[in-house]
Each structure stands twice: as C-alpha cells, then as structure tokens.
$ cat input28.txt   # compact mmCIF, C-alpha atoms
# COMPACT_ATOMS: atom_id res chain seq x y z
CA MET L 8 11.16 21.56 -5.55
CA ASN L 9 9.80 23.83 -2.83
CA ARG L 10 8.58 20.82 -1.06
CA VAL L 11 11.88 19.41 0.10
CA PRO L 12 12.84 21.96 2.81
CA LEU L 13 9.33 21.82 4.31
CA GLU L 14 9.31 18.02 4.28
CA ARG L 15 12.65 18.17 6.03
CA LYS L 16 11.17 20.50 8.66
CA VAL L 17 8.15 18.24 9.18
CA LEU L 18 10.43 15.22 9.51
CA SER L 19 12.83 16.93 11.91
CA GLU L 20 9.88 18.03 14.07
CA ASN L 21 8.68 14.41 13.95
CA ASP L 22 12.14 13.17 14.91
CA ARG L 23 12.15 15.49 17.90
CA ILE L 24 8.82 14.15 19.22
CA ALA L 25 9.86 10.58 18.41
CA ALA L 26 13.05 11.05 20.43
CA GLU L 27 10.96 12.22 23.41
CA LEU L 28 8.69 9.21 23.05
CA ARG L 29 11.71 6.89 22.88
CA THR L 30 13.01 8.38 26.12
CA ARG L 31 9.64 7.94 27.82
CA PHE L 32 9.39 4.32 26.60
CA SER L 33 12.87 3.61 27.83
CA GLU L 34 12.29 5.28 31.22
CA ASN L 35 9.21 3.12 31.69
CA GLY L 36 10.79 -0.10 30.43
CA ILE L 37 8.44 -0.34 27.48
CA LEU L 38 9.30 -2.21 24.30
CA CYS L 39 7.57 -0.36 21.46
CA LEU L 40 7.21 -2.09 18.07
CA ASN L 41 5.92 -0.44 14.90
CA LEU L 42 4.19 -2.86 12.50
CA VAL L 43 4.19 -1.71 8.88
CA SER L 44 2.94 -3.29 5.63
CA SER L 45 0.81 -2.88 2.50
CA PRO L 46 -2.94 -2.76 3.03
CA GLY L 47 -4.23 -6.25 3.70
CA ALA L 48 -0.91 -7.95 4.46
CA GLY L 49 -2.37 -9.16 7.75
CA LYS L 50 -1.06 -6.89 10.51
CA THR L 51 -4.36 -6.97 12.39
CA SER L 52 -4.66 -10.75 12.14
CA LEU L 53 -1.11 -11.12 13.42
CA LEU L 54 -1.93 -8.84 16.36
CA GLU L 55 -5.11 -10.82 17.06
CA ARG L 56 -3.14 -14.06 17.24
CA THR L 57 -0.48 -12.35 19.35
CA LEU L 58 -2.89 -10.90 21.91
CA GLU L 59 -4.89 -14.14 22.04
CA ALA L 60 -1.76 -16.03 23.11
CA PHE L 61 -0.82 -13.62 25.90
CA PRO L 62 -1.73 -14.39 29.49
CA ARG L 63 -4.36 -12.04 31.01
CA GLU L 64 -1.75 -10.31 33.15
CA GLN L 65 0.44 -9.36 30.17
CA ARG L 66 1.15 -5.62 30.37
CA VAL L 67 0.53 -4.87 26.71
CA ALA L 68 -1.35 -2.13 24.84
CA VAL L 69 -2.06 -1.50 21.17
CA LEU L 70 -2.39 1.61 19.04
CA THR L 71 -3.85 0.93 15.62
CA GLY L 72 -3.78 3.43 12.76
CA ASP L 73 -6.19 3.70 9.86
CA ILE L 74 -7.27 6.41 7.48
CA GLN L 75 -10.91 5.69 8.24
CA THR L 76 -12.91 3.27 10.43
CA ASP L 77 -12.23 1.84 13.86
CA ASN L 78 -12.71 -1.75 12.63
CA ASP L 79 -9.24 -2.80 13.74
CA ALA L 80 -9.60 -1.40 17.25
CA VAL L 81 -12.91 -3.25 17.60
CA ARG L 82 -11.27 -6.49 16.42
CA LEU L 83 -8.33 -6.07 18.77
CA ALA L 84 -10.25 -4.90 21.83
CA ARG L 85 -11.92 -8.33 22.13
CA PHE L 86 -8.84 -9.69 23.88
CA GLY L 87 -9.24 -7.44 26.90
CA PHE L 88 -6.03 -5.42 26.60
CA PRO L 89 -6.09 -1.62 26.17
CA VAL L 90 -6.47 -0.68 22.50
CA ARG L 91 -6.82 2.74 20.87
CA GLN L 92 -7.62 3.56 17.27
CA ILE L 93 -5.83 6.46 15.60
CA THR L 94 -7.91 7.59 12.64
CA THR L 95 -5.68 9.75 10.46
CA GLY L 96 -8.52 11.13 8.33
CA GLY L 97 -6.60 10.96 5.05
CA THR L 98 -2.99 11.04 6.20
CA CYS L 99 -1.08 8.12 4.75
CA HIS L 100 1.04 7.28 7.80
CA LEU L 101 1.19 7.61 11.58
CA ASP L 102 3.49 10.27 12.95
CA ALA L 103 5.03 10.72 16.39
CA ARG L 104 2.60 13.46 17.38
CA MET L 105 -0.40 11.19 16.73
CA VAL L 106 1.18 8.49 18.89
CA ASP L 107 1.98 10.98 21.63
CA LYS L 108 -1.61 12.23 21.62
CA ALA L 109 -3.13 8.74 21.52
CA LEU L 110 -1.09 7.63 24.52
CA GLY L 111 -3.08 10.28 26.39
CA GLU L 112 -3.57 9.38 30.02
CA TRP L 113 -2.40 5.77 29.74
CA ARG L 114 -0.05 5.09 32.65
CA LEU L 115 3.13 4.10 30.85
CA GLU L 116 4.59 2.61 34.03
CA ASP L 117 1.89 -0.08 33.78
CA LEU L 118 3.09 -1.27 30.37
CA ASP L 119 5.88 -3.54 29.16
CA LEU L 120 4.91 -3.73 25.52
CA LEU L 121 3.33 -1.24 23.13
CA LEU L 122 2.36 -2.57 19.71
CA ILE L 123 1.66 0.06 17.05
CA GLU L 124 -0.13 -1.00 13.89
CA ASN L 125 0.65 1.60 11.24
CA VAL L 126 -1.54 2.64 8.29
CA GLY L 127 -1.37 0.08 5.46
CA ASN L 128 1.18 1.69 3.17
CA LEU L 129 4.52 0.26 2.11
CA VAL L 130 6.01 3.68 1.38
CA CYS L 131 5.30 6.70 3.58
CA PRO L 132 5.39 5.14 7.08
CA SER L 133 9.05 4.26 6.49
CA SER L 134 9.97 7.95 6.88
CA TYR L 135 8.23 8.52 10.22
CA ASP L 136 9.95 7.45 13.41
CA LEU L 137 7.38 6.78 16.15
CA GLY L 138 9.92 6.28 18.93
CA GLU L 139 9.76 2.53 18.41
CA ALA L 140 12.56 0.11 19.30
CA ALA L 141 12.05 -1.60 15.93
CA LYS L 142 9.92 -1.59 12.82
CA ILE L 143 8.53 -4.95 11.74
CA VAL L 144 7.46 -5.28 8.12
CA VAL L 145 4.72 -7.78 7.29
CA LEU L 146 4.58 -9.05 3.69
CA SER L 147 1.80 -11.32 2.49
CA VAL L 148 2.90 -14.01 0.03
CA ALA L 149 -0.01 -12.90 -2.19
CA GLU L 150 1.84 -9.63 -2.82
CA GLY L 151 4.79 -11.09 -4.70
CA GLU L 152 8.38 -11.89 -3.87
CA GLU L 153 9.89 -8.77 -5.50
CA LYS L 154 8.37 -6.30 -3.04
CA PRO L 155 11.60 -5.73 -1.03
CA LEU L 156 13.30 -4.57 -4.26
CA LYS L 157 10.44 -2.26 -5.22
CA TYR L 158 9.92 -0.73 -1.76
CA PRO L 159 13.46 -0.87 -0.37
CA ALA L 160 13.21 1.84 2.30
CA MET L 161 10.66 -0.08 4.32
CA PHE L 162 12.66 -3.32 4.29
CA LEU L 163 15.90 -1.48 5.00
CA ARG L 164 14.42 0.21 8.08
CA SER L 165 12.75 -2.89 9.48
CA GLU L 166 14.51 -5.22 11.84
CA LEU L 167 12.24 -8.17 11.17
CA LEU L 168 10.37 -9.36 8.09
CA ILE L 169 7.28 -11.45 8.70
CA LEU L 170 6.28 -13.39 5.60
CA ASN L 171 2.59 -13.84 6.26
CA LYS L 172 -0.20 -15.98 4.76
CA ILE L 173 2.21 -18.83 3.95
CA ASP L 174 -0.86 -21.09 3.79
CA LEU L 175 -1.42 -19.46 0.37
CA VAL L 176 1.98 -20.50 -1.02
CA PRO L 177 0.54 -23.47 -2.97
CA TYR L 178 -1.89 -21.17 -4.78
CA VAL L 179 0.23 -18.13 -5.66
CA PRO L 180 3.37 -17.60 -7.75
CA PHE L 181 5.66 -16.88 -4.78
CA SER L 182 9.00 -18.33 -3.77
CA LEU L 183 9.77 -17.96 -0.06
CA ALA L 184 13.48 -18.45 -0.83
CA LYS L 185 13.43 -15.69 -3.45
CA ALA L 186 11.57 -13.32 -1.11
CA ARG L 187 14.16 -13.92 1.62
CA GLU L 188 16.95 -13.40 -0.92
CA ASN L 189 15.42 -10.10 -2.11
CA ALA L 190 15.04 -8.91 1.47
CA GLN L 191 18.70 -9.76 2.16
CA LEU L 192 19.79 -7.84 -0.95
CA VAL L 193 18.09 -4.70 0.35
CA HIS L 194 18.85 -5.27 4.03
CA PRO L 195 21.64 -7.76 4.67
CA GLY L 196 21.04 -9.56 7.94
CA ILE L 197 17.32 -8.79 8.25
CA GLU L 198 15.62 -11.51 10.28
CA THR L 199 12.72 -13.36 8.65
CA ILE L 200 9.91 -15.41 10.15
CA GLU L 201 7.34 -17.25 8.02
CA VAL L 202 3.86 -17.24 9.46
CA SER L 203 0.26 -18.20 8.76
CA CYS L 204 -2.28 -16.55 11.01
CA LEU L 205 -4.88 -18.93 9.60
CA THR L 206 -3.13 -22.23 10.40
CA GLY L 207 -0.91 -20.92 13.21
CA GLU L 208 2.26 -22.11 11.47
CA GLY L 209 5.28 -20.03 12.47
CA LEU L 210 3.48 -18.23 15.29
CA PRO L 211 5.67 -19.89 17.96
CA GLN L 212 8.78 -18.45 16.26
CA TRP L 213 7.18 -14.99 16.25
CA GLN L 214 6.24 -15.37 19.92
CA SER L 215 9.82 -16.41 20.76
CA TRP L 216 11.20 -13.42 18.88
CA LEU L 217 8.85 -11.14 20.79
CA GLU L 218 9.64 -12.78 24.13
CA SER L 219 13.36 -12.45 23.54
CA ARG L 220 13.01 -8.77 22.57
CA MET L 221 10.92 -8.15 25.70
CA GLU L 222 13.53 -9.91 27.80
CA SER L 223 16.29 -7.63 26.41
CA SER L 224 14.10 -4.63 27.05
CA ARG L 225 13.51 -5.74 30.68
CA LYS L 226 17.26 -6.21 31.18
CA SER L 227 18.10 -2.74 29.85
CA PHE L 228 15.41 -1.28 32.09
CA ALA L 229 16.71 -3.11 35.18
CA ALA L 230 20.19 -1.77 34.40
CA ILE L 231 19.06 1.89 34.40
CA MET O 26 -0.13 22.68 10.28
CA ASN O 27 2.29 24.55 8.02
CA ARG O 28 2.07 21.72 5.60
CA VAL O 29 -1.43 22.31 4.30
CA PRO O 30 -0.91 25.47 2.22
CA LEU O 31 2.18 24.00 0.56
CA GLU O 32 0.44 20.73 -0.18
CA ARG O 33 -2.36 22.76 -1.72
CA LYS O 34 0.18 24.59 -3.87
CA VAL O 35 1.81 21.33 -4.97
CA LEU O 36 -1.60 19.87 -5.80
CA SER O 37 -2.78 22.93 -7.70
CA GLU O 38 0.44 22.91 -9.74
CA ASN O 39 -0.20 19.22 -10.38
CA ASP O 40 -3.78 19.96 -11.42
CA ARG O 41 -2.54 22.56 -13.90
CA ILE O 42 -0.18 20.11 -15.61
CA ALA O 43 -2.81 17.36 -15.47
CA ALA O 44 -5.30 19.67 -17.21
CA GLU O 45 -2.76 20.28 -19.98
CA LEU O 46 -2.19 16.54 -20.33
CA ARG O 47 -5.95 15.93 -20.46
CA THR O 48 -6.23 18.47 -23.29
CA ARG O 49 -3.38 16.83 -25.20
CA PHE O 50 -4.90 13.38 -24.73
CA SER O 51 -8.25 14.65 -25.91
CA GLU O 52 -6.78 16.47 -28.94
CA ASN O 53 -5.06 13.25 -29.95
CA GLY O 54 -8.03 10.97 -29.30
CA ILE O 55 -6.22 9.08 -26.55
CA LEU O 56 -8.01 7.25 -23.77
CA CYS O 57 -5.78 7.47 -20.70
CA LEU O 58 -6.43 5.16 -17.75
CA ASN O 59 -4.69 5.34 -14.38
CA LEU O 60 -4.42 1.97 -12.59
CA VAL O 61 -4.08 2.25 -8.82
CA SER O 62 -3.86 -0.34 -6.02
CA SER O 63 -1.97 -1.59 -2.99
CA PRO O 64 1.44 -3.14 -3.64
CA GLY O 65 0.98 -6.62 -5.06
CA ALA O 66 -2.71 -6.39 -5.98
CA GLY O 67 -1.82 -7.48 -9.51
CA LYS O 68 -1.78 -4.35 -11.70
CA THR O 69 1.19 -5.59 -13.72
CA SER O 70 -0.33 -9.04 -14.23
CA LEU O 71 -3.57 -7.45 -15.38
CA LEU O 72 -1.63 -5.30 -17.86
CA GLU O 73 0.28 -8.35 -19.09
CA ARG O 74 -2.97 -10.19 -19.81
CA THR O 75 -4.41 -7.04 -21.41
CA LEU O 76 -1.46 -6.42 -23.75
CA GLU O 77 -1.20 -10.11 -24.61
CA ALA O 78 -4.79 -10.08 -25.89
CA PHE O 79 -4.35 -7.00 -28.11
CA PRO O 80 -3.73 -7.38 -31.83
CA ARG O 81 -0.23 -6.30 -32.96
CA GLU O 82 -1.62 -3.15 -34.58
CA GLN O 83 -3.24 -1.91 -31.35
CA ARG O 84 -2.11 1.67 -30.79
CA VAL O 85 -1.40 1.32 -27.08
CA ALA O 86 1.44 2.44 -24.82
CA VAL O 87 2.18 1.91 -21.13
CA LEU O 88 3.81 4.01 -18.43
CA THR O 89 4.61 2.06 -15.29
CA GLY O 90 5.59 3.69 -12.01
CA ASP O 91 7.68 2.23 -9.23
CA ILE O 92 9.77 3.58 -6.41
CA GLN O 93 12.69 1.41 -7.46
CA THR O 94 13.45 -1.18 -10.18
CA ASP O 95 12.35 -1.42 -13.79
CA ASN O 96 11.02 -4.98 -13.32
CA ASP O 97 7.53 -4.03 -14.44
CA ALA O 98 8.66 -2.31 -17.63
CA VAL O 99 10.74 -5.39 -18.49
CA ARG O 100 7.73 -7.65 -17.91
CA LEU O 101 5.43 -5.44 -19.98
CA ALA O 102 7.84 -4.73 -22.85
CA ARG O 103 7.71 -8.40 -23.88
CA PHE O 104 4.45 -7.79 -25.72
CA GLY O 105 6.01 -5.45 -28.28
CA PHE O 106 4.13 -2.26 -27.40
CA PRO O 107 5.92 0.89 -26.23
CA VAL O 108 6.51 0.82 -22.47
CA ARG O 109 8.34 3.26 -20.22
CA GLN O 110 9.26 2.90 -16.58
CA ILE O 111 8.94 5.90 -14.28
CA THR O 112 11.16 5.32 -11.26
CA THR O 113 10.08 7.79 -8.60
CA GLY O 114 13.13 7.24 -6.36
CA GLY O 115 11.20 7.34 -3.11
CA THR O 116 8.11 9.34 -4.03
CA CYS O 117 4.99 7.42 -3.10
CA HIS O 118 2.86 8.30 -6.15
CA LEU O 119 3.09 9.39 -9.78
CA ASP O 120 2.38 13.04 -10.50
CA ALA O 121 1.40 14.82 -13.70
CA ARG O 122 4.89 16.23 -14.24
CA MET O 123 6.43 12.74 -14.19
CA VAL O 124 3.88 11.58 -16.76
CA ASP O 125 4.50 14.63 -18.93
CA LYS O 126 8.24 14.03 -18.82
CA ALA O 127 7.93 10.29 -19.49
CA LEU O 128 5.76 10.88 -22.56
CA GLY O 129 8.88 12.60 -23.94
CA GLU O 130 9.09 12.32 -27.69
CA TRP O 131 6.34 9.72 -28.09
CA ARG O 132 4.09 10.80 -30.98
CA LEU O 133 0.73 11.09 -29.24
CA GLU O 134 -1.10 11.10 -32.59
CA ASP O 135 0.02 7.47 -33.00
CA LEU O 136 -1.77 6.35 -29.82
CA ASP O 137 -5.37 5.47 -28.96
CA LEU O 138 -4.79 4.13 -25.47
CA LEU O 139 -2.36 5.05 -22.72
CA LEU O 140 -2.31 2.79 -19.68
CA ILE O 141 -0.60 4.19 -16.60
CA GLU O 142 0.33 1.82 -13.80
CA ASN O 143 0.73 3.90 -10.65
CA VAL O 144 3.00 3.18 -7.67
CA GLY O 145 1.52 0.50 -5.40
CA ASN O 146 -0.10 2.63 -2.71
CA LEU O 147 -3.77 2.76 -1.79
CA VAL O 148 -3.52 6.27 -0.33
CA CYS O 149 -1.38 8.97 -1.93
CA PRO O 150 -2.00 8.35 -5.67
CA SER O 151 -5.68 9.19 -5.07
CA SER O 152 -4.73 12.89 -4.69
CA TYR O 153 -2.76 13.21 -7.93
CA ASP O 154 -4.62 13.73 -11.17
CA LEU O 155 -2.53 12.48 -14.11
CA GLY O 156 -4.86 13.80 -16.81
CA GLU O 157 -6.51 10.39 -17.05
CA ALA O 158 -10.07 9.78 -18.25
CA ALA O 159 -10.59 7.42 -15.32
CA LYS O 160 -8.86 5.81 -12.38
CA ILE O 161 -9.26 2.05 -12.05
CA VAL O 162 -8.66 0.56 -8.63
CA VAL O 163 -7.46 -3.03 -8.43
CA LEU O 164 -8.11 -4.91 -5.17
CA SER O 165 -6.79 -8.41 -4.58
CA VAL O 166 -9.13 -10.70 -2.64
CA ALA O 167 -6.16 -11.54 -0.40
CA GLU O 168 -6.28 -7.98 0.95
CA GLY O 169 -9.66 -8.24 2.64
CA GLU O 170 -13.17 -7.06 1.85
CA GLU O 171 -13.12 -4.00 4.16
CA LYS O 172 -10.49 -2.10 2.15
CA PRO O 173 -12.99 0.31 0.47
CA LEU O 174 -14.09 1.47 3.94
CA LYS O 175 -10.55 1.91 5.18
CA TYR O 176 -9.20 3.68 2.09
CA PRO O 177 -12.31 5.49 0.87
CA ALA O 178 -10.68 8.24 -1.24
CA MET O 179 -9.23 5.77 -3.72
CA PHE O 180 -12.51 3.93 -4.22
CA LEU O 181 -14.47 7.18 -4.40
CA ARG O 182 -12.23 8.54 -7.14
CA SER O 183 -12.13 5.36 -9.22
CA GLU O 184 -14.67 4.63 -11.91
CA LEU O 185 -14.07 0.91 -11.95
CA LEU O 186 -13.13 -1.59 -9.24
CA ILE O 187 -11.35 -4.73 -10.41
CA LEU O 188 -11.55 -7.48 -7.80
CA ASN O 189 -8.47 -9.46 -8.73
CA LYS O 190 -7.09 -12.91 -7.82
CA ILE O 191 -10.58 -14.39 -7.47
CA ASP O 192 -8.94 -17.81 -7.91
CA LEU O 193 -7.85 -17.34 -4.27
CA VAL O 194 -11.41 -16.91 -2.94
CA PRO O 195 -11.64 -20.54 -1.71
CA TYR O 196 -8.49 -20.04 0.39
CA VAL O 197 -9.00 -16.62 1.97
CA PRO O 198 -11.61 -15.10 4.29
CA PHE O 199 -13.15 -12.82 1.65
CA SER O 200 -16.73 -12.31 0.53
CA LEU O 201 -17.06 -10.89 -2.99
CA ALA O 202 -20.59 -9.73 -2.15
CA LYS O 203 -19.38 -7.89 0.96
CA ALA O 204 -16.52 -6.26 -0.96
CA ARG O 205 -18.95 -5.02 -3.64
CA GLU O 206 -21.28 -3.76 -0.90
CA ASN O 207 -18.46 -1.89 0.85
CA ALA O 208 -17.37 -0.32 -2.45
CA GLN O 209 -20.97 0.80 -3.10
CA LEU O 210 -21.19 2.34 0.37
CA VAL O 211 -18.16 4.51 -0.36
CA HIS O 212 -18.91 5.12 -4.04
CA PRO O 213 -22.52 4.40 -5.02
CA GLY O 214 -22.64 3.20 -8.62
CA ILE O 215 -18.98 2.18 -8.94
CA GLU O 216 -18.66 -0.56 -11.56
CA THR O 217 -17.05 -3.82 -10.47
CA ILE O 218 -15.46 -6.62 -12.48
CA GLU O 219 -14.16 -9.83 -10.90
CA VAL O 220 -11.01 -11.17 -12.47
CA SER O 221 -8.34 -13.83 -12.16
CA CYS O 222 -5.21 -13.13 -14.15
CA LEU O 223 -4.09 -16.68 -13.37
CA THR O 224 -7.13 -18.56 -14.74
CA GLY O 225 -8.34 -15.84 -17.12
CA GLU O 226 -11.77 -15.71 -15.48
CA GLY O 227 -13.43 -12.31 -15.91
CA LEU O 228 -10.86 -11.03 -18.40
CA PRO O 229 -13.43 -10.92 -21.23
CA GLN O 230 -15.59 -8.56 -19.12
CA TRP O 231 -12.57 -6.33 -18.52
CA GLN O 232 -11.71 -6.37 -22.23
CA SER O 233 -15.31 -5.42 -23.09
CA TRP O 234 -15.23 -2.56 -20.60
CA LEU O 235 -11.98 -1.33 -22.13
CA GLU O 236 -13.28 -1.70 -25.69
CA SER O 237 -16.44 0.20 -24.86
CA ARG O 238 -14.45 3.02 -23.20
CA MET O 239 -12.16 3.19 -26.24
CA GLU O 240 -15.18 3.31 -28.54
CA SER O 241 -16.61 6.29 -26.58
CA SER O 242 -13.23 7.98 -26.72
CA ARG O 243 -13.06 7.47 -30.52
CA LYS O 244 -16.55 8.92 -30.92
CA SER O 245 -15.75 12.05 -28.89
CA PHE O 246 -12.57 12.48 -30.93
CA ALA O 247 -14.41 12.12 -34.26
CA ALA O 248 -16.90 14.75 -33.04
CA ILE O 249 -14.17 17.38 -32.38
$ encode --input "input28.txt" --output "structure tokens"
Amino acid sequence: MNRVPLERKVLSENDRIAAELRTRFSENGILCLNLVSSPGAGKTSLLERTLEAFPREQRVAVLTGDIQTDNDAVRLARFGFPVRQITTGGTCHLDARMVDKALGEWRLEDLDLLLIENVGNLVCPSSYDLGEAAKIVVLSVAEGEEKPLKYPAMFLRSELLILNKIDLVPYVPFSLAKARENAQLVHPGIETIEVSCLTGEGLPQWQSWLESRMESSRKSFAAI
Amino acid sequence: MNRVPLERKVLSENDRIAAELRTRFSENGILCLNLVSSPGAGKTSLLERTLEAFPREQRVAVLTGDIQTDNDAVRLARFGFPVRQITTGGTCHLDARMVDKALGEWRLEDLDLLLIENVGNLVCPSSYDLGEAAKIVVLSVAEGEEKPLKYPAMFLRSELLILNKIDLVPYVPFSLAKARENAQLVHPGIETIEVSCLTGEGLPQWQSWLESRMESSRKSFAAI
C-alpha cells in the first residue's frame, strides 16, 4: 500500500528526465527507438541484422541494457557503430537516468538514430519512458500467440510489433493471424511486421519502416 | 535512491508472510513449488503435462499468476484438480500476500502438493519468497543459452533448471551443453532436466524428480 506514492514519485522523476532527453533528441534531430521484449525474443539479433545492413556512414548508435554481462554490447560493437552497455545490476528495466548517464560525452549532433535495447522483461520496462519516439515490442513466435493479452501494457504502449523467429512457425503451436488479432484487441491499429533474423525474411519491411520513421524525423528537424 | 529502504520494507513484510506460509505448508505436509520463467517458456504446458499424468486421487492444487487473463487457469482446470488464477493487474510478480489470499478457504490438510506458476518474468519474481520449498526455473531453448549469465539471480535461487522445448533444438542456435555450463557457473550444483512438453521427452525424469521431492516432504511430515 505504502508503495504506490513512492512509485509515483519515482515515475514522475523518470518522466521529468525522459522529457529532457526527448527535447535533446528532438533538438539534435535524433530518432530514438526503445526495443522491448521478453528475454530471448531476439532483440539483439534484430539489432545485429539492422546494423549489418546500414552503410558505414550511417549516423547510428546503440545503448543496450542487461542486468548482468556485456555480451550484447560485444555482439553489437562488431559492426563498427558506437555501442554502450548499460548493466543495471539487478534492476529489471532501463530508466531515463541510466540512458542520460550512458549518453555521456557522445556528441548528439553527430547522430540521426539512437537504438535502445531494453532489459528482457515484458512487464516493467513498459512503465519507464526513456525519451524515445516509439517503443517497439519484439515477440518471438516460440512464446505463444496469447502474450499481448497477458502483458497488455507493453503492447498498448508500443507503436510497432515485430513478430520474430517466424522460421520456427512450422515447429511451434503459434498462429500469426491469432497473434496479430490479439495485438489488435489490446492496441487497435498497432503495426505488425513478421521477421526472421535467421533467414532474413521480413527484414526489408523492417528496414523500410525504420527508413520511413527516420525520414519523418529528418523532416521535423528541418522544420525547426 | 529513496527507493531502497522502502523496497527493503516491502521485501521484509513479504518475507514475514512467506515464513508463515512455509510453516503452514510444513504443518500440513505440503510440498510447495514455485515455477518461474520468462513469458512463453512453457510453464503452463509443463503443468498441463504434469497434471495429466497424475492419478485422479492425487492431492494437488495449482495457483497460477498472470498480469491479465485467466487463460492459464482455464487450461489447467481441465484436469479436474483445484486451480486458482491470481491476476496481479499490472504487478510483475507474485508475492506472499497474494498467495495467502488465493489459498482462501482451501483445506490445506487435503493437499500434498501445491504448484505455483509465477508471472512470466525472469527478473522480479526472484526477489519474492512465496513460502515455497523450491523455485524451479524453466528456460525454453528458443530463448538462448546465455540466459543464466544475464539473469543470474533467478538461476541462483532455483533448485532445478528445466530446459524446455528441446524439440526445437534442431531449429535454433542453442547448445544444451553450453546452457548447462552457464547455469553451473551461476549456480554450481543446480540440477537440470531437459524436457519437451510437445514430444514428452524428459517428462519421466521430471516426474521422478517431483515424486522424490514429494517423498522427502512426506517423510519430514511423518517425523513431526
């Protein structure tokens, strides 16, 4: 019972820092995307395929959150773009302060795109605004088609649903149609892209989505 | 910063109720097991296969936790044993008070086994004692072999690791040996059972583990 007012305070402090971050991103023409999912849904693999496809001159950076280990940062750094690991040391989500701190001395004016990979957790990260333009929820088909109904907040607050590991569809009890339908029940109008990071299927659609979001971001920036 | 003392208070209150539950379970000769995992690792499927294999007279009951929906309780009730859904309404874990409340008017003296299916979350449920004799962590091979390193608290606090969905091993980049090795690094001596709820592989080992734990629990009870 006592917990609610304090949680509210923590969240409102987070919202304040997130709002500052959002202003900084906007002033520097940066599109910031916050990737959320269960553990093992494939956020890092999706980022690997995304970075791999970018031209060398792409002005992109990545922050990747984990409770322990810097495995993901090591995986992602191979592509030559700036990557920083945020190790939360037990905390179940990233918050705006961690992002602010991790940005450190990066020159924001040199970036067009900031990809944040959140801690693998389909619950808590939904409550923490990181100043992003959009949350993107990644759901692996191995997790089951009812997940949007069971974890509604995350699907409600995400602009895009990436149904990942569709190469596994023949081997798991999962209906893509049903998953889309469940996502629409929780969040009418949510966009969905079906992807396999193993076979590459669907990656062009994801890249188009990203390109079109970056284009909108560039236009808003030019209009400032 | 302010959050720590309050979290400690919440946890110590939880520990107090969990200790009471543990005493009640022990006084009634009940083995209580707390199943934890990421969303979609297959806890409900494992429980379905477990209940299905029990004789009608098995004195078992199930509490199943979810943020939203009573889908799991509906799935599990089909086997004729008492099942209750705990819908947390946003909270990312079960706590001892929720379990205490859900037990309600169940006659504990009529039970030998209480299976608790926690909310799908590989982080927060590790901090909440529910009065269980043991936590069991379920990891789907689709999630990746490095999960014990990334989410160490859960693997450290679990007595048994169930590597689930091993039927998917041919289709995913996952080494069972590496996963076992990672689990041992975090929790030396943790037991591991490899299971497929789809093909039934490994289920006899799980049933033996359960039977042997129930036998120990019966012996301690007889000795009181």
$ closest_atom_pairs --input "input28.txt" --of "chain L" --to "chain O" --cutoff "6 Å" --atoms "all atoms listed in the file" --output "Markdown table"
| residue | atom | partner | partner_atom | distance |
| --- | --- | --- | --- | --- |
| L:Gly47 | CA | O:Glu168 | CA | 3.8 |
| L:Gln75 | CA | O:Lys175 | CA | 4.9 |
| L:Thr76 | CA | O:Lys175 | CA | 5.9 |
| L:Cys99 | CA | O:Val148 | CA | 5.9 |
| L:Val130 | CA | O:Cys117 | CA | 5.9 |
| L:Glu150 | CA | O:Gly65 | CA | 3.8 |
| L:Gly151 | CA | O:Gly65 | CA | 5.9 |
| L:Lys157 | CA | O:Gln93 | CA | 4.9 |
$ residues_near_point --input "input28.txt" --point "(9.1, 3.4, 27.6)" --cutoff "9 Å" --atoms "all atoms listed in the file" --output "PyMOL selection string"
chain L and resi 28-39+115-116+118-121
$ residues_around --input "input28.txt" --residues "segment 164-169 of chain L" --least-positions-apart "2" --cutoff "8 Å" --atoms "all atoms listed in the file" --output "MDAnalysis selection string"
chainID L and resid 133 141:146 160:162 171 197:202
$ closest_residue --input "input28.txt" --among "O:Leu228, O:Val124, O:Leu72, O:Leu235" --to "Leu155 of chain O" --atoms "all atoms listed in the file"
O:Val124
$ residues_around --input "input28.txt" --residues "Val90 of chain L" --least-positions-apart "4" --cutoff "10 Å" --atoms "all atoms listed in the file" --output "PDB file with C-alpha atoms, in the frame of the given file"
ATOM      1  CA  VAL L  67       0.530  -4.870  26.710  1.00  0.00           C
ATOM      2  CA  ALA L  68      -1.350  -2.130  24.840  1.00  0.00           C
ATOM      3  CA  VAL L  69      -2.060  -1.500  21.170  1.00  0.00           C
ATOM      4  CA  LEU L  70      -2.390   1.610  19.040  1.00  0.00           C
ATOM      5  CA  THR L  71      -3.850   0.930  15.620  1.00  0.00           C
ATOM      6  CA  ASP L  79      -9.240  -2.800  13.740  1.00  0.00           C
ATOM      7  CA  ALA L  80      -9.600  -1.400  17.250  1.00  0.00           C
ATOM      8  CA  VAL L  81     -12.910  -3.250  17.600  1.00  0.00           C
ATOM      9  CA  ARG L  82     -11.270  -6.490  16.420  1.00  0.00           C
ATOM     10  CA  LEU L  83      -8.330  -6.070  18.770  1.00  0.00           C
ATOM     11  CA  ALA L  84     -10.250  -4.900  21.830  1.00  0.00           C
ATOM     12  CA  ARG L  85     -11.920  -8.330  22.130  1.00  0.00           C
ATOM     13  CA  PHE L  86      -8.840  -9.690  23.880  1.00  0.00           C
ATOM     14  CA  LEU L 121       3.330  -1.240  23.130  1.00  0.00           C
ATOM     15  CA  LEU L 122       2.360  -2.570  19.710  1.00  0.00           C
ATOM     16  CA  ILE L 123       1.660   0.060  17.050  1.00  0.00           C
TER      17      ILE L 123
END
